[in-house]
Amino acid sequence: MQIILRPAYSPVLLNCMECIGTSFGTDNTSSKLKNGTKSPIIRTGPNELSINDPSFYNTLYAANYKFAPYPPHYAFSGSVDFTASITDPATHKDRRAILNRFFSKAKILRLSSTIQNNVREFVRVISESTDGKTSESGLCLSSLFRRLTLDVISEYAFSESFNTLGHGIDSPIAEGIKRSIRHLWVFNFIWPLQYLATKLPYGIASMLAPRNLSGAIDLQKIVGAEVDGFLKNFKAPKGRRVPEKSNHLTIFQSLVEETASGFELKSISSPKLSREFLVGEAILLLGAGMETTATLLSNVVYQACVNQSIQHNLHDELVKAFPSTDLNAIDYTSCENLPYLTACIKEGLRLTPSVPVSIPRVVPKDGTFCGKTYIPPGTVVSMSIYLMHQNPTVYKNLKVFDPDRWLNVSTTSPQERYFVPFSKGSKSCLGIYLAYAEIYVTLAALMRRFKFTLHKDNKLTENWVDHMVLDTLADLVVSVEEYDD
Ligand code: HEM
């Protein structure tokens, strides 16, 4: 069978419809609609198909760039090419080569003390807020998670943590990133806004910006100041060196050194360092590193509050694994070997993948087959991570948060093979090991030490929308008790 595509609507009209739809989180709504249809291939635009056939995932997102990334999906980055938005394979490969060095599993294991120190600070903040008693007003855990993950990624990127956990209740940068990510999709449809946000002086841009977009403009300013501070103190090195303040070469030092020392990245038209590029890359790393991991942590704790027997099982496993309350013992390697903790994390990533999005790719010149259906070259084809995890032929009781489904399951089972929260292939998640390390250590420390229940004013909603990242729209507010032992 061959798919024949011809324009159904005017592309401009389609763009307007998608734009309006996405403001309500259409991707998620349409994902749910698609989930109800019988055909695994449906048409979503003049030249676009959405495929819901798990066996096609590895073909579409292979590690060889055979299906090229579709540029409009990455238009949110405007004129700046940062890693996530690079669509040219050769350029992307170069940039990933630099960044991969910082995110390999071995590297993350070596730097796990950064995560443990921040988690200790996080636990201290919670302990002090409860002071051994149940807090009356409830604790906004999702906002604390954002501050924790922001502190970790800022330390990785700049060698100095933003230390938002140490600073009072509100963190303008964490909330700015949250608001900007929520409205990232706007830049995909109305790209001149991105241009204005980056080019106009801060005062004018923030005056002109609609209220909802002001977070993005504030973020440009805050991150711009960080990058300027970094560049001011940066001295071109003679050979490789270790910075004074930290025991490792940071991502930013490496990016700056690679460009300054003539290692010509094809992605940067001028080999000279561009401030715009560094600000873009910093925003990407801070945003991707903060929001995704924080959202997952909130969702797992939420489920553990809703189902206290799950929380009880988790606590039991952790008490056996870590008999003393000393947080130093809780490291990534020990946590990874805990089956129930692992099952809870995987179930959180399955039911509420932090990046549920449909990722578009372009069919190469020879066309392709999905099962027996031929798809012509140039067609834009997407698969949704959310739908992969909601496939009734792969997962039973798929709407239920059920960690047990991951216990004693073979690594070659469809359930494991079609579990893709970090996507696959060349543009899959750069931060997978960092994310896992943070999630394991944080959940283990929390569930070992505290008992959580939903606070009466809890606002975390199970009705999230897909704004390119999973957006729960409201915060997780909990009551906390500290265990004695
Ligand atoms: C639960 C946590 C996380 C999840 C579920 C997640 C998921 C994903 C997914 C699905 C993609 C592919 C998106 C696409 O192709 O359009 C992606 C890309 C990416 N992620 Fe993550 N992510 C997480 C945490 C992190 C962390 C901690 C970082 C740290 C910096 C990070 C950095 C990135 C980057 C830079 C990309 C772009 C990669 C590229 O285009 O080469 N992510 N992530």
# chains A, B, ... in the order shown; residues from 1 in each chain; ligands from 1
call {"tool": "residues_near_ligand", "arguments": {"ligand": "ligand 1", "cutoff": "6 Å", "atoms": "only C-alpha atoms and all ligand atoms", "output": "VMD selection string"}}
result
chain A and resid 83 to 84 285 288 to 289 292 to 293 296 353 to 355 359 421 to 423 427 to 432 434 to 435
call {"tool": "write_last_selection", "arguments": {"atoms": "N, CA and C atoms", "output": "mmCIF file, in the first residue's frame"}}
result
data_model
loop_
_atom_site.group_PDB
_atom_site.id
_atom_site.type_symbol
_atom_site.label_atom_id
_atom_site.label_comp_id
_atom_site.auth_asym_id
_atom_site.auth_seq_id
_atom_site.Cartn_x
_atom_site.Cartn_y
_atom_site.Cartn_z
ATOM 1 N N THR A 83 22.369 22.854 20.826
ATOM 2 C CA THR A 83 22.385 21.416 20.548
ATOM 3 C C THR A 83 21.016 20.840 20.203
ATOM 4 N N ALA A 84 20.021 21.125 21.029
ATOM 5 C CA ALA A 84 18.716 20.491 20.811
ATOM 6 C C ALA A 84 18.078 20.920 19.507
ATOM 7 N N LEU A 285 20.576 23.990 28.435
ATOM 8 C CA LEU A 285 21.032 23.033 29.455
ATOM 9 C C LEU A 285 20.307 23.256 30.776
ATOM 10 N N ALA A 288 16.495 22.161 30.092
ATOM 11 C CA ALA A 288 16.329 20.711 29.912
ATOM 12 C C ALA A 288 16.734 19.987 31.183
ATOM 13 N N GLY A 289 17.774 20.492 31.857
ATOM 14 C CA GLY A 289 18.263 19.809 33.050
ATOM 15 C C GLY A 289 17.368 20.018 34.252
ATOM 16 N N THR A 292 12.522 18.869 33.343
ATOM 17 C CA THR A 292 12.173 17.470 33.077
ATOM 18 C C THR A 292 12.321 16.603 34.321
ATOM 19 N N THR A 293 13.469 16.729 34.982
ATOM 20 C CA THR A 293 13.762 15.880 36.132
ATOM 21 C C THR A 293 12.871 16.263 37.316
ATOM 22 N N LEU A 296 9.365 14.868 36.862
ATOM 23 C CA LEU A 296 9.281 13.424 37.105
ATOM 24 C C LEU A 296 9.269 13.159 38.611
ATOM 25 N N PRO A 353 5.759 10.628 31.112
ATOM 26 C CA PRO A 353 7.087 10.941 30.554
ATOM 27 C C PRO A 353 7.261 12.458 30.492
ATOM 28 N N SER A 354 8.374 12.951 31.028
ATOM 29 C CA SER A 354 8.537 14.409 31.129
ATOM 30 C C SER A 354 8.598 15.092 29.765
ATOM 31 N N VAL A 355 8.974 14.324 28.727
ATOM 32 C CA VAL A 355 8.943 14.873 27.362
ATOM 33 C C VAL A 355 8.012 13.956 26.546
ATOM 34 N N ILE A 359 7.867 13.576 18.034
ATOM 35 C CA ILE A 359 9.103 14.134 17.476
ATOM 36 C C ILE A 359 9.126 13.888 15.970
ATOM 37 N N PRO A 421 11.417 6.776 27.347
ATOM 38 C CA PRO A 421 11.215 8.129 27.900
ATOM 39 C C PRO A 421 12.292 9.125 27.490
ATOM 40 N N PHE A 422 13.479 8.616 27.108
ATOM 41 C CA PHE A 422 14.565 9.526 26.719
ATOM 42 C C PHE A 422 14.765 9.487 25.206
ATOM 43 N N SER A 423 13.796 8.924 24.492
ATOM 44 C CA SER A 423 13.841 8.718 23.048
ATOM 45 C C SER A 423 15.035 7.817 22.682
ATOM 46 N N LYS A 427 19.617 11.963 18.368
ATOM 47 C CA LYS A 427 19.174 13.148 19.103
ATOM 48 C C LYS A 427 18.429 12.762 20.390
ATOM 49 N N SER A 428 18.733 11.567 20.890
ATOM 50 C CA SER A 428 18.077 11.179 22.145
ATOM 51 C C SER A 428 18.669 12.010 23.276
ATOM 52 N N CYS A 429 18.115 11.860 24.474
ATOM 53 C CA CYS A 429 18.466 12.747 25.584
ATOM 54 C C CYS A 429 19.957 12.709 25.926
ATOM 55 N N LEU A 430 20.527 13.899 25.976
ATOM 56 C CA LEU A 430 21.938 14.028 26.350
ATOM 57 C C LEU A 430 22.126 13.746 27.843
ATOM 58 N N GLY A 431 21.101 14.090 28.636
ATOM 59 C CA GLY A 431 21.275 14.072 30.086
ATOM 60 C C GLY A 431 20.707 12.839 30.775
ATOM 61 N N ILE A 432 20.570 11.725 30.035
ATOM 62 C CA ILE A 432 19.886 10.549 30.611
ATOM 63 C C ILE A 432 20.526 10.079 31.924
ATOM 64 N N LEU A 434 22.565 11.760 33.972
ATOM 65 C CA LEU A 434 22.434 12.787 35.005
ATOM 66 C C LEU A 434 21.019 12.728 35.589
ATOM 67 N N ALA A 435 20.027 12.621 34.695
ATOM 68 C CA ALA A 435 18.629 12.571 35.159
ATOM 69 C C ALA A 435 18.428 11.373 36.082
#
call {"tool": "residues_around", "arguments": {"residues": "A:Asp316", "least_positions_apart": "3", "cutoff": "12 Å", "atoms": "only C-alpha atoms", "output": "list in words"}}
result
Ser309, Ile310, Gln311, His312, Asn313, Val319, Lys320, Ala321, Phe322, Pro323, Leu338, Tyr340, Leu341, Ala444, Met447, Arg448, Arg449 and Lys451 of chain A
call {"tool": "residues_around", "arguments": {"residues": "A:Val380", "least_positions_apart": "6", "cutoff": "7 Å", "atoms": "only C-alpha atoms", "output": "compact mmCIF listing (two decimals) with N, CA, C and O atoms, in the first residue's frame"}}
result
# COMPACT_ATOMS: atom_id res chain seq x y z
N ASN A 47 1.40 17.24 4.69
CA ASN A 47 2.50 16.34 4.35
C ASN A 47 3.00 15.61 5.61
O ASN A 47 4.15 15.26 5.71
N GLU A 48 2.10 15.45 6.58
CA GLU A 48 2.55 14.92 7.88
C GLU A 48 1.73 13.72 8.31
O GLU A 48 0.51 13.70 8.19
N LEU A 49 2.46 12.74 8.84
CA LEU A 49 1.79 11.54 9.35
C LEU A 49 2.18 11.34 10.81
O LEU A 49 3.30 11.65 11.20
N PRO A 360 9.06 14.96 15.16
CA PRO A 360 8.98 14.77 13.70
C PRO A 360 10.32 14.51 13.03
O PRO A 360 11.35 15.09 13.40
N ARG A 361 10.30 13.64 12.04
CA ARG A 361 11.48 13.35 11.22
C ARG A 361 11.03 13.33 9.75
O ARG A 361 9.86 13.09 9.46
N VAL A 362 12.02 13.51 8.84
CA VAL A 362 11.68 13.56 7.42
C VAL A 362 12.11 12.24 6.75
O VAL A 362 13.26 11.81 6.92
N VAL A 363 11.21 11.64 5.98
CA VAL A 363 11.51 10.36 5.31
C VAL A 363 12.58 10.60 4.23
O VAL A 363 12.48 11.54 3.45
call {"tool": "closest_residue", "arguments": {"among": "A:Val123, A:Ala97, A:Val279, A:Leu454", "to": "A:Asp326", "atoms": "only C-alpha atoms"}}
result
A:Val123
call {"tool": "closest_residue", "arguments": {"among": "A:Glu438, A:Glu155, A:Asp228, A:Glu276", "to": "A:Arg120", "atoms": "only C-alpha atoms"}}
result
A:Glu438
call {"tool": "select_by_dssp", "arguments": {"residues": "stretch 257-423 of chain A", "states": "strand (DSSP E or B)", "output": "list of chain:residue names"}}
result
A:Ser358, A:Ile359, A:Pro360, A:Arg361, A:Val362, A:Thr368, A:Phe369, A:Cys370, A:Thr373, A:Tyr374, A:Ile375, A:Val380, A:Val381, A:Ser382, A:Met383, A:Ser384
call {"tool": "write_last_selection", "arguments": {"atoms": "N, CA and C atoms", "output": "PDB file, in the first residue's frame"}}
result
ATOM      1  N   SER A 358       5.513  14.444  20.404  1.00  0.00           N
ATOM      2  CA  SER A 358       5.685  13.777  19.114  1.00  0.00           C
ATOM      3  C   SER A 358       6.902  14.407  18.448  1.00  0.00           C
ATOM      4  N   ILE A 359       7.867  13.576  18.034  1.00  0.00           N
ATOM      5  CA  ILE A 359       9.103  14.134  17.476  1.00  0.00           C
ATOM      6  C   ILE A 359       9.126  13.888  15.970  1.00  0.00           C
ATOM      7  N   PRO A 360       9.060  14.963  15.161  1.00  0.00           N
ATOM      8  CA  PRO A 360       8.978  14.774  13.704  1.00  0.00           C
ATOM      9  C   PRO A 360      10.325  14.514  13.029  1.00  0.00           C
ATOM     10  N   ARG A 361      10.295  13.641  12.039  1.00  0.00           N
ATOM     11  CA  ARG A 361      11.481  13.347  11.216  1.00  0.00           C
ATOM     12  C   ARG A 361      11.035  13.326   9.750  1.00  0.00           C
ATOM     13  N   VAL A 362      12.017  13.505   8.845  1.00  0.00           N
ATOM     14  CA  VAL A 362      11.680  13.556   7.420  1.00  0.00           C
ATOM     15  C   VAL A 362      12.111  12.241   6.754  1.00  0.00           C
ATOM     16  N   THR A 368      10.208   4.915   2.703  1.00  0.00           N
ATOM     17  CA  THR A 368      10.361   3.893   3.745  1.00  0.00           C
ATOM     18  C   THR A 368       9.081   3.062   3.853  1.00  0.00           C
ATOM     19  N   PHE A 369       9.181   1.955   4.574  1.00  0.00           N
ATOM     20  CA  PHE A 369       7.998   1.138   4.833  1.00  0.00           C
ATOM     21  C   PHE A 369       7.700   1.132   6.327  1.00  0.00           C
ATOM     22  N   CYS A 370       6.440   1.312   6.657  1.00  0.00           N
ATOM     23  CA  CYS A 370       6.005   1.049   8.032  1.00  0.00           C
ATOM     24  C   CYS A 370       5.096  -0.164   7.904  1.00  0.00           C
ATOM     25  N   THR A 373       3.089  -0.651   4.572  1.00  0.00           N
ATOM     26  CA  THR A 373       2.714   0.628   3.974  1.00  0.00           C
ATOM     27  C   THR A 373       3.947   1.406   3.537  1.00  0.00           C
ATOM     28  N   TYR A 374       3.963   1.792   2.266  1.00  0.00           N
ATOM     29  CA  TYR A 374       5.086   2.575   1.753  1.00  0.00           C
ATOM     30  C   TYR A 374       4.831   4.053   2.034  1.00  0.00           C
ATOM     31  N   ILE A 375       5.833   4.740   2.582  1.00  0.00           N
ATOM     32  CA  ILE A 375       5.698   6.181   2.836  1.00  0.00           C
ATOM     33  C   ILE A 375       6.707   6.906   1.948  1.00  0.00           C
ATOM     34  N   VAL A 380       6.749  14.083   6.423  1.00  0.00           N
ATOM     35  CA  VAL A 380       7.147  14.328   7.816  1.00  0.00           C
ATOM     36  C   VAL A 380       6.388  13.330   8.695  1.00  0.00           C
ATOM     37  N   VAL A 381       7.170  12.518   9.414  1.00  0.00           N
ATOM     38  CA  VAL A 381       6.565  11.436  10.197  1.00  0.00           C
ATOM     39  C   VAL A 381       6.920  11.616  11.676  1.00  0.00           C
ATOM     40  N   SER A 382       5.900  11.507  12.537  1.00  0.00           N
ATOM     41  CA  SER A 382       6.173  11.658  13.980  1.00  0.00           C
ATOM     42  C   SER A 382       5.689  10.443  14.752  1.00  0.00           C
ATOM     43  N   MET A 383       6.365  10.183  15.863  1.00  0.00           N
ATOM     44  CA  MET A 383       5.838   9.220  16.837  1.00  0.00           C
ATOM     45  C   MET A 383       5.874   9.885  18.206  1.00  0.00           C
ATOM     46  N   SER A 384       4.881   9.538  19.028  1.00  0.00           N
ATOM     47  CA  SER A 384       4.772  10.197  20.328  1.00  0.00           C
ATOM     48  C   SER A 384       5.259   9.269  21.442  1.00  0.00           C
TER      49      SER A 384
END
call {"tool": "closest_residue", "arguments": {"among": "A:Leu443, A:Met468, A:Ile41, A:Leu349", "to": "A:Val420", "atoms": "only C-alpha atoms"}}
result
A:Leu349
call {"tool": "closest_residue", "arguments": {"among": "A:Leu141, A:Leu387, A:Ala225, A:Val357", "to": "A:Asp475", "atoms": "only C-alpha atoms"}}
result
A:Leu141
call {"tool": "select_by_dssp", "arguments": {"residues": "stretch 277-402 of chain A", "states": "helix (DSSP H, G or I)", "output": "PyMOL selection string"}}
result
chain A and resi 277-306+308-321+327-329+332-336+339-351+385-388
call {"tool": "atom_distance", "arguments": {"atom1": "atom CA of A:Leu470", "atom2": "atom CA of A:Ser127"}}
result
28.8 Å
call {"tool": "residues_around", "arguments": {"residues": "A:Cys305", "least_positions_apart": "2", "cutoff": "8 Å", "atoms": "only C-alpha atoms", "output": "ChimeraX atom specification"}}
result
/A:301-303,307-308,311,452-454
call {"tool": "closest_residue", "arguments": {"among": "A:Ile153, A:Leu460, A:Leu473, A:Cys140", "to": "A:Leu111", "atoms": "only C-alpha atoms"}}
result
A:Ile153
call {"tool": "decode", "arguments": {"residues": "stretch 379-391 of chain A", "atoms": "all heavy atoms", "output": "PDB file, in the first residue's frame"}}
result
ATOM      1  N   THR A 379       8.087  12.978   3.320  1.00  0.00           N
ATOM      2  CA  THR A 379       6.953  13.029   4.254  1.00  0.00           C
ATOM      3  C   THR A 379       7.483  13.262   5.674  1.00  0.00           C
ATOM      4  O   THR A 379       8.522  12.718   6.052  1.00  0.00           O
ATOM      5  CB  THR A 379       6.194  11.673   4.253  1.00  0.00           C
ATOM      6  OG1 THR A 379       5.927  11.317   2.915  1.00  0.00           O
ATOM      7  CG2 THR A 379       4.914  11.751   5.055  1.00  0.00           C
ATOM      8  N   VAL A 380       6.749  14.083   6.423  1.00  0.00           N
ATOM      9  CA  VAL A 380       7.147  14.328   7.816  1.00  0.00           C
ATOM     10  C   VAL A 380       6.388  13.330   8.695  1.00  0.00           C
ATOM     11  O   VAL A 380       5.161  13.280   8.682  1.00  0.00           O
ATOM     12  CB  VAL A 380       6.814  15.783   8.219  1.00  0.00           C
ATOM     13  CG1 VAL A 380       7.179  16.027   9.674  1.00  0.00           C
ATOM     14  CG2 VAL A 380       7.540  16.751   7.313  1.00  0.00           C
ATOM     15  N   VAL A 381       7.170  12.518   9.414  1.00  0.00           N
ATOM     16  CA  VAL A 381       6.565  11.436  10.197  1.00  0.00           C
ATOM     17  C   VAL A 381       6.920  11.616  11.676  1.00  0.00           C
ATOM     18  O   VAL A 381       8.076  11.856  12.004  1.00  0.00           O
ATOM     19  CB  VAL A 381       7.126  10.077   9.697  1.00  0.00           C
ATOM     20  CG1 VAL A 381       6.679   8.947  10.587  1.00  0.00           C
ATOM     21  CG2 VAL A 381       6.690   9.823   8.267  1.00  0.00           C
ATOM     22  N   SER A 382       5.900  11.507  12.537  1.00  0.00           N
ATOM     23  CA  SER A 382       6.173  11.658  13.980  1.00  0.00           C
ATOM     24  C   SER A 382       5.689  10.443  14.752  1.00  0.00           C
ATOM     25  O   SER A 382       4.713   9.798  14.360  1.00  0.00           O
ATOM     26  CB  SER A 382       5.385  12.822  14.581  1.00  0.00           C
ATOM     27  OG  SER A 382       5.542  13.970  13.856  1.00  0.00           O
ATOM     28  N   MET A 383       6.365  10.183  15.863  1.00  0.00           N
ATOM     29  CA  MET A 383       5.838   9.220  16.837  1.00  0.00           C
ATOM     30  C   MET A 383       5.874   9.885  18.206  1.00  0.00           C
ATOM     31  O   MET A 383       6.771  10.669  18.501  1.00  0.00           O
ATOM     32  CB  MET A 383       6.664   7.937  16.834  1.00  0.00           C
ATOM     33  CG  MET A 383       6.474   7.151  15.556  1.00  0.00           C
ATOM     34  SD  MET A 383       7.274   5.530  15.616  1.00  0.00           S
ATOM     35  CE  MET A 383       6.212   4.627  16.742  1.00  0.00           C
ATOM     36  N   SER A 384       4.881   9.538  19.028  1.00  0.00           N
ATOM     37  CA  SER A 384       4.772  10.197  20.328  1.00  0.00           C
ATOM     38  C   SER A 384       5.259   9.269  21.442  1.00  0.00           C
ATOM     39  O   SER A 384       4.883   8.098  21.496  1.00  0.00           O
ATOM     40  CB  SER A 384       3.308  10.583  20.550  1.00  0.00           C
ATOM     41  OG  SER A 384       2.953  10.470  21.898  1.00  0.00           O
ATOM     42  N   ILE A 385       6.094   9.808  22.317  1.00  0.00           N
ATOM     43  CA  ILE A 385       6.609   9.017  23.445  1.00  0.00           C
ATOM     44  C   ILE A 385       5.446   8.623  24.356  1.00  0.00           C
ATOM     45  O   ILE A 385       5.352   7.495  24.841  1.00  0.00           O
ATOM     46  CB  ILE A 385       7.679   9.824  24.206  1.00  0.00           C
ATOM     47  CG1 ILE A 385       8.913   9.972  23.321  1.00  0.00           C
ATOM     48  CG2 ILE A 385       8.030   9.169  25.541  1.00  0.00           C
ATOM     49  CD1 ILE A 385      10.033  10.803  23.884  1.00  0.00           C
ATOM     50  N   TYR A 386       4.519   9.558  24.532  1.00  0.00           N
ATOM     51  CA  TYR A 386       3.349   9.270  25.370  1.00  0.00           C
ATOM     52  C   TYR A 386       2.583   8.059  24.830  1.00  0.00           C
ATOM     53  O   TYR A 386       2.235   7.132  25.562  1.00  0.00           O
ATOM     54  CB  TYR A 386       2.460  10.518  25.430  1.00  0.00           C
ATOM     55  CG  TYR A 386       1.124  10.274  26.083  1.00  0.00           C
ATOM     56  CD1 TYR A 386       1.035  10.130  27.463  1.00  0.00           C
ATOM     57  CD2 TYR A 386      -0.046  10.178  25.328  1.00  0.00           C
ATOM     58  CE1 TYR A 386      -0.198   9.892  28.065  1.00  0.00           C
ATOM     59  CE2 TYR A 386      -1.270   9.949  25.921  1.00  0.00           C
ATOM     60  CZ  TYR A 386      -1.339   9.806  27.291  1.00  0.00           C
ATOM     61  OH  TYR A 386      -2.553   9.568  27.888  1.00  0.00           O
ATOM     62  N   LEU A 387       2.346   8.063  23.502  1.00  0.00           N
ATOM     63  CA  LEU A 387       1.589   6.940  22.915  1.00  0.00           C
ATOM     64  C   LEU A 387       2.359   5.623  22.981  1.00  0.00           C
ATOM     65  O   LEU A 387       1.756   4.564  23.121  1.00  0.00           O
ATOM     66  CB  LEU A 387       1.229   7.237  21.460  1.00  0.00           C
ATOM     67  CG  LEU A 387       0.080   8.199  21.227  1.00  0.00           C
ATOM     68  CD1 LEU A 387      -0.268   8.258  19.756  1.00  0.00           C
ATOM     69  CD2 LEU A 387      -1.139   7.810  22.033  1.00  0.00           C
ATOM     70  N   MET A 388       3.682   5.686  22.878  1.00  0.00           N
ATOM     71  CA  MET A 388       4.485   4.460  22.994  1.00  0.00           C
ATOM     72  C   MET A 388       4.198   3.781  24.333  1.00  0.00           C
ATOM     73  O   MET A 388       4.129   2.568  24.438  1.00  0.00           O
ATOM     74  CB  MET A 388       5.982   4.782  22.933  1.00  0.00           C
ATOM     75  CG  MET A 388       6.509   5.105  21.561  1.00  0.00           C
ATOM     76  SD  MET A 388       6.516   3.682  20.468  1.00  0.00           S
ATOM     77  CE  MET A 388       7.949   2.772  21.062  1.00  0.00           C
ATOM     78  N   HIS A 389       4.042   4.610  25.366  1.00  0.00           N
ATOM     79  CA  HIS A 389       3.842   4.075  26.723  1.00  0.00           C
ATOM     80  C   HIS A 389       2.378   3.807  27.038  1.00  0.00           C
ATOM     81  O   HIS A 389       2.038   3.426  28.145  1.00  0.00           O
ATOM     82  CB  HIS A 389       4.407   5.063  27.753  1.00  0.00           C
ATOM     83  CG  HIS A 389       5.883   5.263  27.633  1.00  0.00           C
ATOM     84  ND1 HIS A 389       6.572   6.220  28.329  1.00  0.00           N
ATOM     85  CD2 HIS A 389       6.819   4.608  26.893  1.00  0.00           C
ATOM     86  CE1 HIS A 389       7.858   6.167  28.034  1.00  0.00           C
ATOM     87  NE2 HIS A 389       8.030   5.196  27.149  1.00  0.00           N
ATOM     88  N   GLN A 390       1.520   4.105  26.073  1.00  0.00           N
ATOM     89  CA  GLN A 390       0.080   3.909  26.285  1.00  0.00           C
ATOM     90  C   GLN A 390      -0.452   2.902  25.283  1.00  0.00           C
ATOM     91  O   GLN A 390      -1.612   2.965  24.879  1.00  0.00           O
ATOM     92  CB  GLN A 390      -0.652   5.247  26.120  1.00  0.00           C
ATOM     93  CG  GLN A 390      -0.422   6.239  27.239  1.00  0.00           C
ATOM     94  CD  GLN A 390      -1.087   5.820  28.532  1.00  0.00           C
ATOM     95  OE1 GLN A 390      -2.243   5.396  28.540  1.00  0.00           O
ATOM     96  NE2 GLN A 390      -0.369   5.901  29.632  1.00  0.00           N
ATOM     97  N   ASN A 391       0.401   1.978  24.872  1.00  0.00           N
ATOM     98  CA  ASN A 391      -0.038   1.022  23.862  1.00  0.00           C
ATOM     99  C   ASN A 391      -0.606  -0.230  24.545  1.00  0.00           C
ATOM    100  O   ASN A 391       0.112  -0.929  25.259  1.00  0.00           O
ATOM    101  CB  ASN A 391       1.156   0.648  22.968  1.00  0.00           C
ATOM    102  CG  ASN A 391       0.686  -0.038  21.715  1.00  0.00           C
ATOM    103  OD1 ASN A 391      -0.038  -1.023  21.804  1.00  0.00           O
ATOM    104  ND2 ASN A 391       1.066   0.480  20.567  1.00  0.00           N
TER     105      ASN A 391
END
